[in-house]
file model-v4.txt (compact mmCIF, C-alpha atoms)
# COMPACT_ATOMS: atom_id res chain seq x y z
CA MET V 298 -4.22 1.43 -35.45
CA THR V 299 -3.49 3.76 -38.35
CA SER V 300 -6.32 4.71 -40.64
CA GLY V 301 -6.78 6.89 -43.68
CA PRO V 302 -4.42 7.28 -46.61
CA GLN V 303 -1.27 6.61 -44.58
CA ALA V 304 -2.45 3.10 -43.63
CA SER V 305 -2.44 1.88 -47.23
CA MET V 306 0.98 3.39 -47.92
CA ALA V 307 3.09 0.77 -46.14
CA PRO V 308 6.10 -0.05 -48.31
CA SER V 309 6.54 -3.54 -49.66
CA THR V 310 9.41 -5.58 -48.29
CA PRO V 311 11.38 -5.66 -51.58
CA LEU V 312 11.15 -1.87 -51.97
CA LEU V 313 12.06 -1.31 -48.33
CA GLU V 314 15.06 -3.65 -48.68
CA GLN V 315 16.22 -1.84 -51.83
CA VAL V 316 16.01 1.56 -50.17
CA ARG V 317 17.68 0.27 -47.00
CA GLY V 318 20.51 -1.35 -48.98
CA TRP V 319 21.10 1.83 -50.95
CA LEU V 320 21.16 3.91 -47.76
CA VAL V 321 23.58 1.50 -46.09
CA ARG V 322 25.98 1.85 -49.02
CA ARG V 323 25.74 5.66 -48.98
CA VAL V 324 26.26 5.87 -45.21
CA ALA V 325 29.22 3.48 -45.48
CA TYR V 326 30.68 5.68 -48.21
CA TYR V 327 30.44 8.81 -46.05
CA ALA V 328 31.61 6.96 -42.91
CA GLN V 329 34.50 5.51 -44.92
CA CYS V 330 33.82 1.95 -43.83
CA GLY V 331 32.38 -1.22 -45.29
CA ALA V 332 28.63 -1.62 -45.70
CA ALA V 333 28.77 -4.65 -43.40
CA GLU V 334 29.87 -2.33 -40.60
CA ILE V 335 26.67 -0.26 -40.79
CA ASP V 336 24.00 -1.24 -38.26
CA VAL V 337 20.66 0.07 -39.52
CA GLU V 338 19.49 0.69 -35.93
CA VAL V 339 22.47 2.86 -34.91
CA PRO V 340 21.95 6.65 -35.08
CA LEU V 341 23.57 8.17 -38.16
CA ALA V 342 25.40 10.68 -35.96
CA GLU V 343 27.39 7.79 -34.48
CA TYR V 344 28.87 7.22 -37.95
CA GLY V 345 29.93 10.86 -38.10
CA LEU V 346 27.06 11.88 -40.39
CA GLU V 347 26.54 15.39 -39.22
CA SER V 348 25.65 18.58 -41.07
CA VAL V 349 27.84 18.40 -44.22
CA TYR V 350 27.19 14.71 -44.74
CA THR V 351 23.49 15.17 -44.03
CA PHE V 352 23.22 17.71 -46.85
CA SER V 353 25.22 15.43 -49.13
CA LEU V 354 23.01 12.45 -48.29
CA CYS V 355 19.90 14.53 -49.01
CA GLY V 356 21.41 15.45 -52.39
CA ASP V 357 22.09 11.78 -53.09
CA ILE V 358 18.48 10.93 -52.20
CA ALA V 359 17.24 13.66 -54.52
CA ASP V 360 19.45 12.42 -57.37
CA HIS V 361 18.76 8.71 -56.93
CA PHE V 362 15.07 8.71 -56.02
CA GLU V 363 14.04 12.04 -57.59
CA LEU V 364 12.80 12.96 -54.14
CA ALA V 365 13.71 16.16 -52.32
CA ILE V 366 13.75 15.92 -48.55
CA ASP V 367 14.50 18.57 -45.96
CA PRO V 368 17.85 17.85 -44.27
CA THR V 369 16.26 18.41 -40.87
CA LEU V 370 14.22 15.24 -41.49
CA ILE V 371 17.38 13.20 -40.94
CA TRP V 372 17.58 14.58 -37.40
CA ASP V 373 14.05 13.23 -36.78
CA LEU V 374 14.61 9.91 -38.58
CA THR V 375 17.94 9.18 -36.97
CA THR V 376 18.74 5.67 -38.24
CA VAL V 377 19.04 3.98 -41.61
CA ALA V 378 16.06 1.81 -40.66
CA THR V 379 13.71 4.71 -39.92
CA LEU V 380 14.91 6.80 -42.86
CA ALA V 381 14.55 3.83 -45.23
CA HIS V 382 11.01 3.15 -44.04
CA TYR V 383 10.05 6.80 -44.50
CA LEU V 384 11.56 7.02 -48.00
CA ALA V 385 9.99 3.74 -49.11
CA ALA V 386 6.57 4.90 -47.85
CA VAL V 387 6.91 8.19 -49.73
CA LEU V 388 7.92 6.34 -52.90
CA VAL V 389 4.89 4.06 -52.59
CA GLN V 390 2.64 7.08 -52.05
CA ARG V 391 4.13 8.80 -55.09
CA ARG V 392 3.69 5.66 -57.19
CA GLU V 393 0.06 5.29 -56.10
CA LEU V 394 -0.65 8.93 -56.82
CA GLY V 395 1.05 8.62 -60.23
CA ASP V 396 -1.04 5.54 -61.01
CA THR V 397 -4.20 7.38 -59.99
CA LEU V 398 -3.35 10.36 -62.16
CA GLY V 399 -1.98 8.28 -65.03
CA GLY V 400 1.40 9.94 -64.51
CA LYS V 401 4.73 8.73 -65.72
CA GLY V 402 7.92 8.72 -63.75
CA LEU V 403 10.17 6.58 -61.65
CA PHE V 404 7.83 3.57 -61.58
CA ARG V 405 6.70 3.58 -65.21

call {"tool": "encode", "arguments": {"input": "model-v4.txt", "output": "structure tokens"}}
result
Amino acid sequence: MTSGPQASMAPSTPLLEQVRGWLVRRVAYYAQCGAAEIDVEVPLAEYGLESVYTFSLCGDIADHFELAIDPTLIWDLTTVATLAHYLAAVLVQRRELGDTLGGKGLFR
């Protein structure tokens, strides 16, 4: 069982679904196929998302979510499902931190 700060950072289903849907559309765009053809459990490399597309996807994530991620993270989180879960958890953590500090940003 997970304990500590990470345990309370589980993303809500609506947020996770939003992030997953957005990622599916971006992967479909780069793979030049329809979003319905993207299986969230299939490794991104199987859709041809290798180095150039990985950097582009990271740029898209930074632009859309105001969240910079290291491109090597995509090699560790190899599917849309795992990447979406990670991003949603980070967004929740950032929102909770912003709420704690009275910050403004993406969720305000």

call {"tool": "atom_distance", "arguments": {"input": "model-v4.txt", "atom1": "CA of Gly345 (chain V)", "atom2": "CA of Ile366 (chain V)"}}
result
19.9 Å

call {"tool": "atom_distance", "arguments": {"input": "model-v4.txt", "atom1": "CA of Asp367 (chain V)", "atom2": "CA of Ala332 (chain V)"}}
result
24.6 Å

call {"tool": "residues_around", "arguments": {"input": "model-v4.txt", "residues": "Glu314 (chain V)", "least_positions_apart": "3", "cutoff": "12 Å", "atoms": "all atoms listed in the file", "output": "JSON, numbers by chain"}}
result
{"V": [308, 309, 310, 311, 317, 318, 319, 320, 321, 337, 377, 378, 380, 381, 382, 384, 385]}

call {"tool": "write_last_selection", "arguments": {"input": "model-v4.txt", "atoms": "C-alpha atoms", "output": "PDB file, in the coordinates of the input"}}
result
ATOM      1  CA  PRO V 308       6.100  -0.050 -48.310  1.00  0.00           C
ATOM      2  CA  SER V 309       6.540  -3.540 -49.660  1.00  0.00           C
ATOM      3  CA  THR V 310       9.410  -5.580 -48.290  1.00  0.00           C
ATOM      4  CA  PRO V 311      11.380  -5.660 -51.580  1.00  0.00           C
ATOM      5  CA  ARG V 317      17.680   0.270 -47.000  1.00  0.00           C
ATOM      6  CA  GLY V 318      20.510  -1.350 -48.980  1.00  0.00           C
ATOM      7  CA  TRP V 319      21.100   1.830 -50.950  1.00  0.00           C
ATOM      8  CA  LEU V 320      21.160   3.910 -47.760  1.00  0.00           C
ATOM      9  CA  VAL V 321      23.580   1.500 -46.090  1.00  0.00           C
ATOM     10  CA  VAL V 337      20.660   0.070 -39.520  1.00  0.00           C
ATOM     11  CA  VAL V 377      19.040   3.980 -41.610  1.00  0.00           C
ATOM     12  CA  ALA V 378      16.060   1.810 -40.660  1.00  0.00           C
ATOM     13  CA  LEU V 380      14.910   6.800 -42.860  1.00  0.00           C
ATOM     14  CA  ALA V 381      14.550   3.830 -45.230  1.00  0.00           C
ATOM     15  CA  HIS V 382      11.010   3.150 -44.040  1.00  0.00           C
ATOM     16  CA  LEU V 384      11.560   7.020 -48.000  1.00  0.00           C
ATOM     17  CA  ALA V 385       9.990   3.740 -49.110  1.00  0.00           C
TER      18      ALA V 385
END

call {"tool": "closest_residue", "arguments": {"input": "model-v4.txt", "among": "V:Ile371, V:Leu364, V:Ile335, V:Cys355", "to": "Leu388 (chain V)", "atoms": "all atoms listed in the file"}}
result
V:Leu364

call {"tool": "atom_distance", "arguments": {"input": "model-v4.txt", "atom1": "CA of Glu393 (chain V)", "atom2": "CA of Glu363 (chain V)"}}
result
15.6 Å

call {"tool": "closest_residue", "arguments": {"input": "model-v4.txt", "among": "V:Leu312, V:Val349, V:Cys330, V:Ala342", "to": "Val387 (chain V)", "atoms": "all atoms listed in the file"}}
result
V:Leu312

call {"tool": "closest_residue", "arguments": {"input": "model-v4.txt", "among": "V:Phe362, V:Gly356, V:Thr376, V:Arg323", "to": "Arg392 (chain V)", "atoms": "all atoms listed in the file"}}
result
V:Phe362

call {"tool": "closest_residue", "arguments": {"input": "model-v4.txt", "among": "V:Ala333, V:Leu354, V:Val316, V:Ala386", "to": "Thr369 (chain V)", "atoms": "all atoms listed in the file"}}
result
V:Leu354

call {"tool": "closest_residue", "arguments": {"input": "model-v4.txt", "among": "V:Leu370, V:Thr375, V:Arg322, V:Leu313", "to": "Glu343 (chain V)", "atoms": "all atoms listed in the file"}}
result
V:Thr375
